[in-house]
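First comes the structure, then the notes that go with it.
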Amino acid sequence: MRAGTARSGESMLAQLVLSGISQGCLYALVALAMTVVYRATTVVNFGHGDLLMAGAFAVYVLVIFAKVPFIPAALLAIGLLFATGVGIQHWLIRPILRGPHLSLAMMAIAVGYFLRGVARVFWGREVLPFPKIYPDKSFFLGSVVLNSSDLVITGSAIALFFLLWLLFAVTPVGKTAQAVFQSQRGAALVGINVGAFHGAMWGLGAAMAAVGGILIAPVTLLYPDMSASTLIRGFAAMTLGGFGSFPGAVIGGLLLGVMEMLVGGYVGSRFIDITAYLVIILVLLVRPVGLFGRQVVVRV
Amino acid sequence: MTNSIRRSALVILAVTGLAATAQAADTTGITDTTIEIGIPGPMTGPNSSFGAAVYGVQSIYRYFNDQGGVNGRKFDVIIGDTACNEAKGVAVAKKLISQDKVFLINGGVCSGVALAMKPVIEEAGVPWVVSTAANQHISSPVVPTIFHAIQTSFDMGVSMAKFAISKPEVKRIAIIEHTNEWSKGYRDPAVEYLKGKGLEPVAEVTLERGQTDATAQVLKLKDVKPDFILVILYEPELAVFLRDAHKYALGVPMVGSLGADFQSTQNRLGGPDAMKGFYMGFLYKALIDSPRMKKWHDIVAKYLPQGEKLTDYSFYGAGSAIAVVDVLKSLGRDVSRERFVEAMNKLHDFDTEILAGTLSFSPTNHLGAQDLYTIGYDDAGKLSVYSAWGKKAE
Amino acid sequence: MSDKRWLSEPRIFYVVPVLALAIPILVNDYIQYIVNLILVYVLVGVGFNIVIGNLGQLAFANAAFFGIGAYTTGLLMYHFQVPFPLALVAGGLVGAGAGALVSLPALRGVRGFYLAIITLALGELMRWVYVHAESVTLGSMGLHVPLPFIGGIALKNDYGKFYVFLFVVVALVVSTSNLLRSRFGRAFMSIRDNELAAASVGIHTARYIVLAFAWSGFVVGVGGGLYAALVRQVSPEAFNLLELIVHFAIVTIGGLASLGGSILGAVILTAAPEFIRDLPGFEELLLATLMLVILLFLPRGFVSILARFIPAIRDRYYRE
């Protein structure tokens with residue numbers, strides 16, 4: 001691709017859509033992780049963004065200070081975050097699960113803020129480069145350019161979606177989830193350890209956050225506020241796709257990514273930020289269930 | 001008492017009274033052995049990485065303390081954490097002035113916060129030598145007690161435009177920027193300068209803070225076929241833009257502003273190759289780790305607090321402190337705020353040994369530093385400091 | 001026990017503003033400024049608590065109301081030289097309007113986390129507007145608010161501002177107290193506790209929801225106006241999500257659905273940072289830990305501890 005080659009409208013559209021899908025995979029990942037937690041415990045984790053950041057920092061610490069090679073470090077970080085998720089659910093969420101939604105939301109926010117504080121204590125004064133594991137190369141698909149990060153993000157996301165699908169559709173986990181979701185008492189009566197299940201789902205959500213953080217860190221770089229904007233994109237994806245719906249989270253994320261790119265390319269780059277906000281506001285006002293969701297509004 | 005004695009007493013009283021009110025010099029913050037210096041800056045919060053500049057300024061004062069201080073007085077430095085927040089910034093200014101009663105303020109990093117502090121500091125008549133904040137409206141129009149001892153975004157904007165057109169045959173200039181006042185602070189003087197040379201930007205593209213993809217912007221710029229691009233972005237977005245510019249082979253020389261650190265950006269992108277063709281405004285005389293800067297580099301490094309790392313931001317204010325100390329030295333033992341301001345107004349071509357060019361103030365001009373260089377990789381792959389395209393600074 | 005009855009008498013609190021009148025004589029400019037900032041955040045806390053404490057809705061638009069009030073007051077003074085008292089009331093009214101607007105999703109039945117998300121989105125949208133409506137709001141560097149004048153007298157320093165702020169805050173706190181102790185306040189809480197039951201006994205929940213949101217918006221909007229006069233520089237970053245977390249901390253740590261809690265929270269959250277400086281992350285850790293502890297062990301906030309010694313601080317929901 002030579003500099004200065006005129007781009008046709010078609011190839012610009014194709015470029016924007018493909019880049020949008022790559023961005024959208026990230027949003028889908030975030031939305032999916034929050035959906036897992038939401039489906040299992042009906043709690044929306046407002047501190048999810050900071051779990052992404054924690055996962056990325058965990059990898060950084062392992063690679064730079066403990067000199068662990070990247071892939072084992074990533075796996076270790078994912079495991080660490082899984083444990084963190086279980087811990088958060090057990091010590092902080094479970095005691096107040098019967099309380100008002102407000103307390104749960106505040107708890108999630110407080111946990112996230114705590115993680116942010118920890119990150120600031122250690123790295124508040126610097127912005128760190130994330131250890132590089134794949135080379136920065138560009139690939140051409142006709143007149144469309146893809147970066148190695150596009151491929152890694154999209155590929156990882158697809159692999160993760162597939163694994164999740166396997167987990168829920170094929171293994172007993174899916175049946176357990178169904179049972180718990182329909183009736184916690186019933187599930188307990190049948191011998192399902194509801195508490196452990198909830199913990200595992202929070203762990204899974206946190207582990208997915210770690211994956212998201214690892215994917216996003218090379219792009220945003222490592223600093224305590226790195227995932228600030230990703231959280232609300234995740235909400236927008238969940239809203240668009242429909243709260244509580246797994247396919248909704250994925251499709252919502254992809255759609256949001258593409259929409260943002262198109263808005264940026266055709267309307268103006270200053271409007272990219274508000275795409276997510278407008279999606280949330282419009283969907284919740286006009287069609288609260290989104291594309292695939294269940295009942296959202298309360299009729300009084 | 002007789003009438004004549006009473007009259008004499010009255011005369012004596014009157015004269016003493018007159019003398020007392022005549023020139024009550026303001027020596028707040030000065031004792032026989034100390035001079036209190038206040039340094040406001042973002043030590044906590046999302047922008048705490050800029051707090052490094054505050055420690056750099058403090059290092060200078062600590063160094064001079066070790067050298068015996070100034071005319072028998074040592075510096076007592078009080079750092080105020082603004083967290084880059086206006087409400088906190090005003091609190092810090094008031095604390096330094098009313099509670100800590102500092103002699104002068106030598107700091108100010110976040111421009112928005114500096115603007116919020118300005119009325120408070122101006123009202124109190126405390127001399128303020130701005131060390132780091134780049135917005136020229138802090139000290140212009142002239143406020144008698146406020147001095148800007150660092151290059152402003154106005155100077156930087158002009159410098160960027162100058163550099164771009166110093167390359168031969170450059171006519172089509174495009175700009176990529178944030179949609180915020182900070183960017184405008186660079187963009188407006190740059191565009192004004194270009195207009196003065198009969199040129200207008202062929203395109204202006206925006207990239208929002210927090211965006212992690214610049215595809216649309218790069219494609220738009222490619223369409224426009226510029227000869228040079230002015231890049232007015234903060235570091236994270238700069239890295240994103242440069243990455244995508246390489247991805248789509250934009251292939252146009254670019255010059256960036258001072259919202260980023262060259263080395264740090266290079267680290268993000270993975271190495272010097274990613275920075276080819278990209279130049280950046282540069283405040284200092286020479287590269288920080290070059291022999292020419294060694295003296296102050298080592299001094300700043302030595303006097304940093306325990307646990308703080310030396311970054312490029314550490315020097316972003318040190319020059320102003322060197323000037324302040326020099327001016328205080330020139331006053332001898334008779335130090336007062338009025339005399340300090342008077343002496344600052346007489347500062348001419350003062351070489352801080354850190355900042356590019358020299359510092360000069362006058363009663364009608366408090367923008368003391370206006371020269372800037374540009375850094376980038378030369379054809380041999382060596383990082384160099386330029387005074388114009390193809391011309392290295394000596 | 002009877003000699004301690006006066007501690008249960010709510011009217012003792014009127015002593016506080018009277019005693020406070022002496023503050024300007026006793027403190028320096030800096031402390032006075034902090035006191036003024038506390039007063040601003042009292043309004044922020046009181047307003048927020050109405051909606052998330054008393055009404056029990058997850059409306060996370062408080063930082064937006066704060067900003068709307070600050071920008072309204074500041075812009076009126078900057079562009080049109082509107083006198084401060086008028087600009088302040090305008091800030092409150094626009095805040096009330098915004099509150100009513102934000103109550104729309106709630107009226108349509110959006111609840112719980114969904115309401116939280118949509119109100120967050122509204123807040124962030126407002127911030128985008130502040131940044132991009134540059135010709136009006138002067139963009140992200142913010143706008144410099146001119147000196148506030150009241151009836152020809154300039155409020156040049158924080159001492160003068162204090163008397164004005166004290167008056168405004170006392171007036172709004174007393175009004176809010178009256179509101180919460182009236183049938184309106186009881187309706188708010190019945191909606192919070194069991195909306196269906198409330199509707200079934202004939203409470204027009206919609207009216208009360210809008211009222212709660214509008215009053216909350218008014219109070220926080222006035223707080224924003226006071227902020228504009230105090231700091232005199234209004235910029236978008238002051239009303240972002242990190243600011244919202246501070247608002248959460250105020251009502252949670254102070255005490256949900258408690259007027260005394262809002263005030264206590266405002267004092268703690270405004271004064272504490274003045275002692276925790278220079279150490280990145282410490283303030284965040286302290287706030288987060290306090291919130292976690294309160295949510296787990298002391299859900300009614302610190303005010304519940306205070307209430308053991310001064311029972312009068314407990315909110316009364318019925319007129320004596």
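Going by the structure tokens order, chains are called A, B, ..., each with residues numbered from 1, while ligands are numbered from 1 in the order shown.
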
Would you mind listing, as a PDB file with N, CA and C atoms, in the first residue's frame, all residues of chain A that have at least one atom within 7 Å of chain C, where only C-alpha atoms are what counts?
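Generated file (selection20.pdb):
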ATOM      1  N   VAL A  44     -24.781  -6.234  38.577  1.00  0.00           N
ATOM      2  CA  VAL A  44     -23.949  -5.642  37.538  1.00  0.00           C
ATOM      3  C   VAL A  44     -22.686  -5.115  38.209  1.00  0.00           C
ATOM      4  N   ILE A  96     -24.010  -9.035  51.421  1.00  0.00           N
ATOM      5  CA  ILE A  96     -25.029  -8.008  51.214  1.00  0.00           C
ATOM      6  C   ILE A  96     -25.954  -8.332  50.060  1.00  0.00           C
ATOM      7  N   HIS A 101     -30.296  -3.097  45.878  1.00  0.00           N
ATOM      8  CA  HIS A 101     -29.423  -3.037  44.711  1.00  0.00           C
ATOM      9  C   HIS A 101     -28.382  -1.955  44.851  1.00  0.00           C
ATOM     10  N   LEU A 102     -28.784  -0.885  45.489  1.00  0.00           N
ATOM     11  CA  LEU A 102     -27.881   0.256  45.634  1.00  0.00           C
ATOM     12  C   LEU A 102     -26.588  -0.159  46.322  1.00  0.00           C
ATOM     13  N   SER A 103     -26.728  -0.931  47.403  1.00  0.00           N
ATOM     14  CA  SER A 103     -25.523  -1.343  48.128  1.00  0.00           C
ATOM     15  C   SER A 103     -24.628  -2.192  47.249  1.00  0.00           C
ATOM     16  N   MET A 107     -20.922  -1.313  46.328  1.00  0.00           N
ATOM     17  CA  MET A 107     -19.843  -2.236  46.684  1.00  0.00           C
ATOM     18  C   MET A 107     -18.950  -2.476  45.482  1.00  0.00           C
ATOM     19  N   ALA A 110     -16.901   0.503  44.914  1.00  0.00           N
ATOM     20  CA  ALA A 110     -15.857   0.648  45.932  1.00  0.00           C
ATOM     21  C   ALA A 110     -14.705  -0.310  45.671  1.00  0.00           C
ATOM     22  N   VAL A 111     -15.027  -1.539  45.279  1.00  0.00           N
ATOM     23  CA  VAL A 111     -13.972  -2.514  44.990  1.00  0.00           C
ATOM     24  C   VAL A 111     -13.101  -2.018  43.838  1.00  0.00           C
ATOM     25  N   TYR A 113     -12.672   1.023  42.868  1.00  0.00           N
ATOM     26  CA  TYR A 113     -11.919   2.193  43.310  1.00  0.00           C
ATOM     27  C   TYR A 113     -10.727   1.764  44.160  1.00  0.00           C
ATOM     28  N   PHE A 114     -10.918   0.723  44.944  1.00  0.00           N
ATOM     29  CA  PHE A 114      -9.825   0.210  45.765  1.00  0.00           C
ATOM     30  C   PHE A 114      -8.681  -0.277  44.880  1.00  0.00           C
ATOM     31  N   GLY A 117      -6.851   2.523  43.529  1.00  0.00           N
ATOM     32  CA  GLY A 117      -5.956   3.104  44.520  1.00  0.00           C
ATOM     33  C   GLY A 117      -4.667   2.311  44.629  1.00  0.00           C
ATOM     34  N   VAL A 118      -4.782   0.993  44.660  1.00  0.00           N
ATOM     35  CA  VAL A 118      -3.586   0.158  44.750  1.00  0.00           C
ATOM     36  C   VAL A 118      -2.675   0.428  43.556  1.00  0.00           C
ATOM     37  N   ARG A 120      -2.513   3.066  41.780  1.00  0.00           N
ATOM     38  CA  ARG A 120      -1.903   4.394  41.879  1.00  0.00           C
ATOM     39  C   ARG A 120      -0.758   4.410  42.879  1.00  0.00           C
ATOM     40  N   VAL A 121      -0.889   3.660  43.958  1.00  0.00           N
ATOM     41  CA  VAL A 121       0.184   3.660  44.952  1.00  0.00           C
ATOM     42  C   VAL A 121       1.483   3.191  44.314  1.00  0.00           C
ATOM     43  N   GLY A 124       1.419   5.272  40.252  1.00  0.00           N
ATOM     44  CA  GLY A 124       0.715   6.522  40.020  1.00  0.00           C
ATOM     45  C   GLY A 124       1.524   7.527  39.238  1.00  0.00           C
ATOM     46  N   ILE A 274     -19.728   9.818  22.104  1.00  0.00           N
ATOM     47  CA  ILE A 274     -21.117   9.808  22.578  1.00  0.00           C
ATOM     48  C   ILE A 274     -21.961   8.732  21.927  1.00  0.00           C
ATOM     49  N   TYR A 277     -23.048   6.509  24.685  1.00  0.00           N
ATOM     50  CA  TYR A 277     -24.031   7.132  25.577  1.00  0.00           C
ATOM     51  C   TYR A 277     -25.400   7.179  24.922  1.00  0.00           C
ATOM     52  N   ILE A 280     -27.118   3.816  24.834  1.00  0.00           N
ATOM     53  CA  ILE A 280     -27.705   3.469  26.129  1.00  0.00           C
ATOM     54  C   ILE A 280     -29.018   4.212  26.331  1.00  0.00           C
ATOM     55  N   ILE A 281     -28.966   5.522  26.129  1.00  0.00           N
ATOM     56  CA  ILE A 281     -30.156   6.338  26.413  1.00  0.00           C
ATOM     57  C   ILE A 281     -31.304   5.945  25.501  1.00  0.00           C
ATOM     58  N   LEU A 285     -34.782   3.879  26.603  1.00  0.00           N
ATOM     59  CA  LEU A 285     -36.039   4.631  26.556  1.00  0.00           C
ATOM     60  C   LEU A 285     -37.024   4.029  25.556  1.00  0.00           C
ATOM     61  N   VAL A 296     -37.129  -5.771  31.339  1.00  0.00           N
ATOM     62  CA  VAL A 296     -36.240  -4.831  32.002  1.00  0.00           C
ATOM     63  C   VAL A 296     -37.010  -3.833  32.857  1.00  0.00           C
ATOM     64  N   VAL A 297     -38.141  -3.406  32.342  1.00  0.00           N
ATOM     65  CA  VAL A 297     -38.838  -2.332  33.057  1.00  0.00           C
ATOM     66  C   VAL A 297     -39.842  -2.890  34.049  1.00  0.00           C
ATOM     67  N   VAL A 298     -40.122  -2.061  35.020  1.00  0.00           N
ATOM     68  CA  VAL A 298     -41.054  -2.439  36.075  1.00  0.00           C
ATOM     69  C   VAL A 298     -42.364  -1.732  35.818  1.00  0.00           C
ATOM     70  N   ARG A 299     -43.389  -2.461  35.793  1.00  0.00           N
ATOM     71  CA  ARG A 299     -44.685  -1.811  35.575  1.00  0.00           C
ATOM     72  C   ARG A 299     -45.371  -1.679  36.932  1.00  0.00           C
ATOM     73  N   VAL A 300     -45.596  -0.451  37.327  1.00  0.00           N
ATOM     74  CA  VAL A 300     -46.249  -0.269  38.622  1.00  0.00           C
ATOM     75  C   VAL A 300     -47.592   0.402  38.406  1.00  0.00           C
TER      76      VAL A 300
END

May I ask you to extract the residues of chain A within 9 Å of chain B, using only C-alpha atoms, and to give them as a ChimeraX atom specification? /A:1-7,12,15-16,19,23,120,123-130,132,136-139,145-147,216,218-221,223-226,228-229,261-262,264-266,268-273

Counting only C-alpha atoms, give me one row per residue of chain B with an atom at most 6 Å from an atom of chain C, showing the shortest contact pair and its distance in Å to one decimal, sorted by chain then residue number, as a Markdown table.
| residue | atom | partner | partner_atom | distance |
| --- | --- | --- | --- | --- |
| B:Met43 | CA | C:Asp278 | CA | 5.0 |
| B:Thr44 | CA | C:Pro280 | CA | 4.3 |
| B:Asp81 | CA | C:Asp278 | CA | 5.8 |
| B:Ala87 | CA | C:Val231 | CA | 5.7 |
| B:Lys94 | CA | C:Tyr30 | CA | 4.8 |
| B:Lys95 | CA | C:Tyr30 | CA | 5.1 |
| B:Ser98 | CA | C:Asp29 | CA | 5.9 |
| B:Gly112 | CA | C:Met141 | CA | 5.4 |
| B:Ala116 | CA | C:Gln233 | CA | 5.3 |
| B:Asn180 | CA | C:Ser140 | CA | 5.2 |
| B:Glu181 | CA | C:Met141 | CA | 5.3 |

Expected answer as a PyMOL selection string: alpha helix (DSSP H) residues in range 110-302 of chain B: chain B and resi 111-124+153-166+181-196+215-224+235-247+262-269+294-302

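Restricting the calculation to only C-alpha atoms, the smallest distance between Gly281 in chain B and any of B:Phe262, B:Trp389, B:Phe75, B:Tyr303 is found for B:Phe262.
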
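Around Glu192 in chain B, within 12 Å and counting only C-alpha atoms, the residues found are Phe154, Asp155, Gly157, Val158, Ser159, Met160, Ala161, Lys162, Lys184, Gly185, Tyr186, Arg187, Asp188, Pro189, Lys195, Gly196, Lys197, Gly198, Leu199, Glu200 and Pro201 of chain B, once anything fewer than 3 positions away on its own chain is removed.
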
Write out, as a short mmCIF file (atom, residue, chain, number, x, y, z; two decimals), in the first residue's frame, the residues just selected, with all heavy atoms.
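The new file result23.cif reads:
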data_model
loop_
_atom_site.label_atom_id
_atom_site.label_comp_id
_atom_site.auth_asym_id
_atom_site.auth_seq_id
_atom_site.Cartn_x
_atom_site.Cartn_y
_atom_site.Cartn_z
N PHE B 154 1.78 28.85 23.36
CA PHE B 154 1.85 29.80 22.25
C PHE B 154 3.19 29.65 21.53
O PHE B 154 3.26 29.48 20.31
CB PHE B 154 1.66 31.22 22.76
CG PHE B 154 1.65 32.24 21.67
CD1 PHE B 154 0.46 32.60 21.06
CD2 PHE B 154 2.82 32.84 21.23
CE1 PHE B 154 0.44 33.53 20.04
CE2 PHE B 154 2.81 33.78 20.22
CZ PHE B 154 1.61 34.11 19.62
N ASP B 155 4.26 29.69 22.32
CA ASP B 155 5.60 29.55 21.74
C ASP B 155 5.73 28.21 21.03
O ASP B 155 6.34 28.11 19.96
CB ASP B 155 6.67 29.62 22.84
CG ASP B 155 6.54 30.88 23.67
OD1 ASP B 155 6.31 31.95 23.06
OD2 ASP B 155 6.66 30.79 24.90
N GLY B 157 3.34 26.30 19.74
CA GLY B 157 2.57 26.25 18.51
C GLY B 157 3.31 26.92 17.37
O GLY B 157 3.41 26.37 16.26
N VAL B 158 3.85 28.10 17.64
CA VAL B 158 4.61 28.82 16.62
C VAL B 158 5.81 27.99 16.19
O VAL B 158 6.12 27.86 15.00
CB VAL B 158 5.06 30.19 17.16
CG1 VAL B 158 6.08 30.82 16.24
CG2 VAL B 158 3.86 31.11 17.33
N SER B 159 6.48 27.39 17.19
CA SER B 159 7.68 26.61 16.89
C SER B 159 7.37 25.42 15.99
O SER B 159 8.14 25.09 15.08
CB SER B 159 8.30 26.15 18.21
OG SER B 159 9.20 25.11 17.99
N MET B 160 6.23 24.78 16.24
CA MET B 160 5.85 23.64 15.41
C MET B 160 5.64 24.07 13.95
O MET B 160 6.12 23.43 13.02
CB MET B 160 4.54 23.02 15.92
CG MET B 160 4.71 22.15 17.14
SD MET B 160 3.11 21.70 17.84
CE MET B 160 2.51 20.54 16.64
N ALA B 161 4.91 25.17 13.80
CA ALA B 161 4.64 25.64 12.45
C ALA B 161 5.93 26.05 11.76
O ALA B 161 6.17 25.74 10.58
CB ALA B 161 3.65 26.81 12.49
N LYS B 162 6.77 26.72 12.52
CA LYS B 162 8.06 27.15 11.96
C LYS B 162 8.86 25.96 11.47
O LYS B 162 9.45 25.99 10.38
CB LYS B 162 8.89 27.84 13.07
CG LYS B 162 9.00 29.31 12.99
CD LYS B 162 10.12 29.80 13.92
CE LYS B 162 9.87 31.26 14.24
NZ LYS B 162 10.53 31.74 15.42
N LYS B 184 -6.10 23.72 21.43
CA LYS B 184 -6.30 25.02 20.80
C LYS B 184 -5.16 25.96 21.11
O LYS B 184 -4.78 26.79 20.31
CB LYS B 184 -7.58 25.66 21.34
CG LYS B 184 -8.79 25.17 20.62
CD LYS B 184 -9.81 26.13 20.51
CE LYS B 184 -10.57 26.69 19.51
NZ LYS B 184 -11.40 27.69 20.28
N GLY B 185 -4.62 25.79 22.36
CA GLY B 185 -3.51 26.64 22.77
C GLY B 185 -2.30 26.50 21.88
O GLY B 185 -1.48 27.40 21.77
N TYR B 186 -2.15 25.34 21.25
CA TYR B 186 -1.06 25.14 20.28
C TYR B 186 -1.50 25.48 18.87
O TYR B 186 -0.77 26.07 18.08
CB TYR B 186 -0.63 23.67 20.27
CG TYR B 186 0.09 23.21 21.49
CD1 TYR B 186 -0.59 22.86 22.64
CD2 TYR B 186 1.47 23.10 21.48
CE1 TYR B 186 0.08 22.41 23.75
CE2 TYR B 186 2.15 22.64 22.58
CZ TYR B 186 1.46 22.30 23.71
OH TYR B 186 2.12 21.85 24.82
N ARG B 187 -2.72 25.04 18.55
CA ARG B 187 -3.19 25.10 17.19
C ARG B 187 -3.37 26.55 16.73
O ARG B 187 -2.96 26.92 15.62
CB ARG B 187 -4.51 24.32 17.10
CG ARG B 187 -5.19 24.38 15.78
CD ARG B 187 -6.45 25.21 15.88
NE ARG B 187 -7.09 25.34 14.58
CZ ARG B 187 -7.55 26.49 14.10
NH1 ARG B 187 -7.45 27.59 14.81
NH2 ARG B 187 -8.13 26.54 12.92
N ASP B 188 -3.95 27.38 17.61
CA ASP B 188 -4.24 28.75 17.18
C ASP B 188 -2.97 29.53 16.83
O ASP B 188 -2.90 30.14 15.75
CB ASP B 188 -5.05 29.48 18.25
CG ASP B 188 -6.50 28.98 18.31
OD1 ASP B 188 -6.90 28.26 17.36
OD2 ASP B 188 -7.19 29.29 19.28
N PRO B 189 -1.96 29.54 17.70
CA PRO B 189 -0.74 30.26 17.30
C PRO B 189 -0.07 29.67 16.07
O PRO B 189 0.50 30.39 15.26
CB PRO B 189 0.18 30.16 18.52
CG PRO B 189 -0.47 29.27 19.48
CD PRO B 189 -1.87 29.05 19.08
N LYS B 195 -0.70 31.54 8.63
CA LYS B 195 -1.43 32.57 7.88
C LYS B 195 -0.52 33.73 7.56
O LYS B 195 -0.58 34.29 6.46
CB LYS B 195 -2.62 33.09 8.71
CG LYS B 195 -3.81 32.18 8.71
CD LYS B 195 -5.12 32.95 8.93
CE LYS B 195 -6.28 31.97 8.90
NZ LYS B 195 -6.99 31.87 10.17
N GLY B 196 0.34 34.05 8.55
CA GLY B 196 1.29 35.14 8.31
C GLY B 196 2.23 34.83 7.17
O GLY B 196 2.78 35.73 6.54
N LYS B 197 2.42 33.54 6.89
CA LYS B 197 3.29 33.16 5.77
C LYS B 197 2.47 32.83 4.53
O LYS B 197 2.97 32.23 3.59
CB LYS B 197 4.10 31.91 6.17
CG LYS B 197 4.96 32.10 7.40
CD LYS B 197 6.20 32.89 7.08
CE LYS B 197 7.03 33.17 8.30
NZ LYS B 197 8.15 34.03 8.07
N GLY B 198 1.20 33.18 4.58
CA GLY B 198 0.37 32.97 3.40
C GLY B 198 -0.12 31.54 3.23
O GLY B 198 -0.54 31.15 2.15
N LEU B 199 -0.08 30.76 4.33
CA LEU B 199 -0.52 29.37 4.21
C LEU B 199 -1.72 29.11 5.10
O LEU B 199 -1.88 29.71 6.15
CB LEU B 199 0.60 28.41 4.64
CG LEU B 199 1.85 28.41 3.77
CD1 LEU B 199 2.95 27.62 4.45
CD2 LEU B 199 1.54 27.81 2.41
N GLU B 200 -2.57 28.16 4.66
CA GLU B 200 -3.69 27.74 5.50
C GLU B 200 -3.66 26.22 5.59
O GLU B 200 -3.31 25.57 4.61
CB GLU B 200 -5.00 28.16 4.85
CG GLU B 200 -5.26 29.63 4.98
CD GLU B 200 -6.66 29.92 5.44
OE1 GLU B 200 -7.34 29.00 5.91
OE2 GLU B 200 -7.06 31.08 5.30
N PRO B 201 -4.06 25.66 6.73
CA PRO B 201 -4.05 24.20 6.82
C PRO B 201 -5.01 23.58 5.80
O PRO B 201 -6.12 24.11 5.62
CB PRO B 201 -4.53 23.91 8.24
CG PRO B 201 -4.74 25.21 8.90
CD PRO B 201 -4.51 26.32 7.96
#

Could you pull the residues within 8 Å of Ser227 in chain A, counting only C-alpha atoms, minus those fewer than 5 positions along the same chain, as a tab-separated table (two decimals) with all heavy atoms, in the first residue's frame?
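Output file selection-v9.tsv follows:
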chain	number	residue	atom	x	y	z
A	49	GLY	N	-14.33	-2.47	35.08
A	49	GLY	CA	-13.24	-1.82	34.35
A	49	GLY	C	-11.92	-1.94	35.10
A	49	GLY	O	-10.87	-2.16	34.52
A	50	ASP	N	-12.00	-1.79	36.43
A	50	ASP	CA	-10.76	-1.84	37.20
A	50	ASP	C	-10.22	-3.27	37.29
A	50	ASP	O	-9.03	-3.46	37.51
A	50	ASP	CB	-11.00	-1.24	38.58
A	50	ASP	CG	-11.33	0.24	38.48
A	50	ASP	OD1	-10.43	1.01	38.06
A	50	ASP	OD2	-12.47	0.63	38.77
A	52	LEU	N	-10.17	-5.23	34.70
A	52	LEU	CA	-9.38	-5.28	33.46
A	52	LEU	C	-7.99	-4.73	33.72
A	52	LEU	O	-6.97	-5.32	33.35
A	52	LEU	CB	-10.04	-4.41	32.38
A	52	LEU	CG	-10.93	-5.08	31.38
A	52	LEU	CD1	-12.35	-4.62	31.56
A	52	LEU	CD2	-10.50	-4.76	29.97
A	53	MET	N	-7.97	-3.57	34.38
A	53	MET	CA	-6.71	-2.92	34.68
A	53	MET	C	-5.86	-3.80	35.59
A	53	MET	O	-4.65	-3.95	35.37
A	53	MET	CB	-7.03	-1.57	35.34
A	53	MET	CG	-5.86	-0.73	35.73
A	53	MET	SD	-5.41	-0.91	37.46
A	53	MET	CE	-6.85	-0.28	38.28
